[in-house]
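> What follows is a single structure, and I will ask about it in a moment.
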Amino acid sequence: MLRNCILVLVMLASVVGGILIGNIEPEIDEAGFKNAQSAQFKDLSGNWRKLSDWDGAYRIVNFWATWCPPCLEEIPLFISLHEEFSDINMTFIGIAVDDITRVRDFVMTNKVNYPILIGSGDALRISEILGNQRSGLPFTVFLSPTGDLIDTHSGVVPASKIRDFASKIR
Amino acid sequence: MLCWAAQAAADKPDNLNKGNFYRLSGNLISENKLVLTYYINECCYIYKRSLTFELLEPQAVISGVAFPSALKHKDEFFGEVEVYRGQVNLVLDLDLSQGEQQLNSLSLKAVHQGCSDEGICFLPEENTLNFSFFPGLN
């Protein structure tokens, strides 16, 4: 009886915890989610990188494109917050669903100060595995140091959401 | 005068994007005129400048596109741009006289890109519409 009560309490705590931490989608396939973090994308120097290269750090992974106005709208905020929170174990990573020339021009013009990777349709598919159910941009996923899902956001991320995330790390 | 008419519908589910925000159909209303219709969900719009069309047969070319008037839309980064909402009809003038052989069918590649009002944009989407010619119809 006592064991059953403890089990129910643990399950209840897990559900409530998930709701409090963020809008975790229950239908995300856990194995696929981890595998997606091993998908390789080239960075602007032509090196192959994957999200798991940043294991050990909290990650805010933003899928974006230069043809997507709301994506461009939020990038200055990411640049500013990446600088502001440079003293904590958290990094922004941008994955552009776009052409490398246009991305490079944008990154240089706007002095983007965090890692940018380049993908195309494959990057969008990875975003879908990570929870982008609407297949649109921008889409942002918040990862723990072990690559577990903490939260996702479709559309422009409010600054308050990132500050809350950072404050929990600090 | 020998007239031709054909119709191709591209509104099967495969041609809807994942969010079901857009649908495209086409009618070949004469031997040299094609009407394309975009049906755009009320949540969304497509950029006029994103619309591109190409005939896949080398002996056929698009000689003109009549765009209906578009709505003004203000983008923070792109400034004032033109967008379409709701149902949009475009008329494409075709020149099929580029080759010696008569065409029995025609394939059109159409590309568009759009966003939703809540600030989510969708990858440029490509549709290929296939048309067959049937002689004697007007």
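Starting from 1 in every chain, residues are counted up; chains themselves are A, B, ... following the order of the structure tokens, and ligands are numbered from 1 as listed.
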Find the residues near range 145-157 of chain A: any atom within 8 Å, counting only C-alpha atoms, skip ones fewer than 4 places away on the same chain, and give them as a VMD selection string.
(chain A and resid 21 to 24 34 37 52 54 to 59 70 to 71 73 to 74 131 to 132 136 to 141 161 to 162) or (chain B and resid 118 to 120)
> Using only C-alpha atoms, which protein or nucleic acid residues come within 7 Å of range 37-52 of chain B? Drop anything in the same chain fewer than 6 positions from it, and give the result as a ChimeraX atom specification.
/B:21-26,82-90,110-117
> Find the residues of chain B in contact range of chain A, meaning any atom within 8 Å when counting only C-alpha atoms, and list them as a list of chain:residue names.
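That gives the following set of residues: B:Lys18, B:Gly19, B:Asp75, B:Glu76, B:Phe77, B:Phe78, B:Glu118, B:Gly119, B:Ile120, B:Cys121, B:Phe122, B:Leu123.
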> Keeping only all heavy atoms, write the selected residues as a tab-separated table (two decimals), in the first residue's frame.

```
chain	number	residue	atom	x	y	z
B	18	LYS	N	2.74	21.31	-44.17
B	18	LYS	CA	2.44	20.56	-42.95
B	18	LYS	C	1.39	21.24	-42.09
B	18	LYS	O	0.68	20.60	-41.34
B	18	LYS	CB	3.73	20.36	-42.16
B	18	LYS	CG	4.70	19.50	-42.93
B	18	LYS	CD	5.44	18.60	-42.02
B	18	LYS	CE	6.22	17.60	-42.85
B	18	LYS	NZ	6.83	16.59	-42.05
B	19	GLY	N	1.32	22.54	-42.18
B	19	GLY	CA	0.34	23.24	-41.37
B	19	GLY	C	-0.99	23.45	-42.07
B	19	GLY	O	-1.88	24.07	-41.54
B	75	ASP	N	7.18	44.60	-42.69
B	75	ASP	CA	8.10	43.70	-42.00
B	75	ASP	C	9.18	44.53	-41.33
B	75	ASP	O	9.69	45.46	-41.94
B	75	ASP	CB	8.78	42.75	-43.00
B	75	ASP	CG	7.99	41.48	-43.20
B	75	ASP	OD1	7.09	41.20	-42.39
B	75	ASP	OD2	8.28	40.76	-44.16
B	76	GLU	N	9.53	44.14	-40.09
B	76	GLU	CA	10.55	44.92	-39.38
B	76	GLU	C	11.87	44.93	-40.14
B	76	GLU	O	12.54	45.96	-40.22
B	76	GLU	CB	10.76	44.34	-37.99
B	76	GLU	CG	11.74	45.15	-37.17
B	76	GLU	CD	11.81	44.67	-35.72
B	76	GLU	OE1	10.82	44.13	-35.23
B	76	GLU	OE2	12.87	44.84	-35.12
B	77	PHE	N	12.22	43.80	-40.75
B	77	PHE	CA	13.52	43.72	-41.43
B	77	PHE	C	13.42	44.04	-42.91
B	77	PHE	O	14.33	44.63	-43.48
B	77	PHE	CB	14.15	42.34	-41.23
B	77	PHE	CG	15.08	42.31	-40.07
B	77	PHE	CD1	14.62	42.18	-38.79
B	77	PHE	CD2	16.45	42.48	-40.27
B	77	PHE	CE1	15.48	42.19	-37.72
B	77	PHE	CE2	17.33	42.50	-39.20
B	77	PHE	CZ	16.85	42.34	-37.92
B	78	PHE	N	12.34	43.65	-43.55
B	78	PHE	CA	12.25	43.82	-45.00
B	78	PHE	C	11.50	45.09	-45.39
B	78	PHE	O	11.35	45.37	-46.58
B	78	PHE	CB	11.57	42.60	-45.62
B	78	PHE	CG	12.33	41.32	-45.41
B	78	PHE	CD1	11.68	40.10	-45.31
B	78	PHE	CD2	13.72	41.33	-45.31
B	78	PHE	CE1	12.39	38.92	-45.12
B	78	PHE	CE2	14.43	40.16	-45.12
B	78	PHE	CZ	13.77	38.95	-45.02
B	118	GLU	N	0.87	35.02	-36.51
B	118	GLU	CA	1.44	34.89	-35.17
B	118	GLU	C	2.97	34.82	-35.21
B	118	GLU	O	3.60	34.59	-34.17
B	118	GLU	CB	0.85	33.69	-34.45
B	118	GLU	CG	1.05	32.40	-35.17
B	118	GLU	CD	0.45	31.21	-34.42
B	118	GLU	OE1	0.58	31.13	-33.20
B	118	GLU	OE2	-0.15	30.37	-35.10
B	119	GLY	N	3.55	34.99	-36.37
B	119	GLY	CA	5.00	35.11	-36.45
B	119	GLY	C	5.75	33.81	-36.68
B	119	GLY	O	6.86	33.63	-36.17
B	120	ILE	N	5.16	32.91	-37.44
B	120	ILE	CA	5.86	31.68	-37.82
B	120	ILE	C	5.88	31.62	-39.35
B	120	ILE	O	4.85	31.83	-40.00
B	120	ILE	CB	5.15	30.44	-37.24
B	120	ILE	CG1	5.25	30.47	-35.73
B	120	ILE	CG2	5.76	29.16	-37.79
B	120	ILE	CD1	4.47	29.38	-35.03
B	121	CYS	N	7.07	31.38	-39.89
B	121	CYS	CA	7.21	31.35	-41.35
B	121	CYS	C	7.51	29.93	-41.82
B	121	CYS	O	8.10	29.14	-41.08
B	121	CYS	CB	8.34	32.29	-41.79
B	121	CYS	SG	7.93	34.02	-41.44
B	122	PHE	N	7.11	29.67	-43.05
B	122	PHE	CA	7.25	28.33	-43.59
B	122	PHE	C	8.24	28.31	-44.75
B	122	PHE	O	8.33	29.28	-45.50
B	122	PHE	CB	5.88	27.80	-44.03
B	122	PHE	CG	4.90	27.80	-42.89
B	122	PHE	CD1	4.01	28.84	-42.74
B	122	PHE	CD2	4.95	26.80	-41.94
B	122	PHE	CE1	3.14	28.88	-41.65
B	122	PHE	CE2	4.08	26.83	-40.85
B	122	PHE	CZ	3.18	27.87	-40.70
B	123	LEU	N	8.94	27.22	-44.83
B	123	LEU	CA	9.96	27.04	-45.87
B	123	LEU	C	9.36	27.31	-47.26
B	123	LEU	O	8.20	26.97	-47.48
B	123	LEU	CB	10.43	25.59	-45.81
B	123	LEU	CG	11.92	25.31	-45.90
B	123	LEU	CD1	12.65	26.00	-44.77
B	123	LEU	CD2	12.18	23.82	-45.86
```
> Between A:Met108, A:Leu130, A:Lys50, A:Arg125, which one has atoms that come closest to Ile93 in chain A, using only C-alpha atoms?
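The answer is A:Lys50, which sits nearest to Ile93 in chain A.
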> If I take CA of Ile88 in chain A and CA of Asp164 in chain A, how far is one from the other in Å, to one decimal?
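Interatomic distance here is 13.2 Å.
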> Write down as a PyMOL selection string the residues belonging to range 68-146 of chain A that are assigned alpha helix (DSSP H) by DSSP computed on the backbone.
chain A and resi 69-84+100-110+121-129
> In Å to one decimal, how far is CA of Lys111 in chain A from CA of Ile79 in chain A?
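Answer for the CA of Ile79 in chain A to CA of Lys111 in chain A separation: 8.1 Å.
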> Skip Met90 in chain A itself and residues of its chain fewer than 5 positions away, then list as JSON, numbers by chain all residues within 12 Å of it, counting only C-alpha atoms.
{"A": [54, 55, 56, 57, 58, 59, 60, 61, 78, 81, 82, 83, 84, 85, 114, 142, 143, 144, 145, 162, 163, 165, 166, 167, 168, 169, 170]}
> My list of candidates is A:Asn113, A:Ser86, A:Ser45, A:Ser80. Which is closest to Ile100 in chain A when distances are computed with only C-alpha atoms?
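Among the listed residues, the smallest separation from Ile100 in chain A belongs to A:Ser45.
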> Tell me which protein, DNA and RNA residues are within 12 Å of range 32-34 of chain B, counting only C-alpha atoms, leaving out same-chain ones fewer than 3 positions away, and put them as a ChimeraX atom specification.
/B:3-8,25-29,37,53,55,60-66,89-97,103,106-108,129-131,133,138
> Please indicate the distance in Å from CA of Ala39 in chain A to CA of Glu128 in chain A, rounded to one decimal place.
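Distance reported for this atom pair: 12.9 Å.
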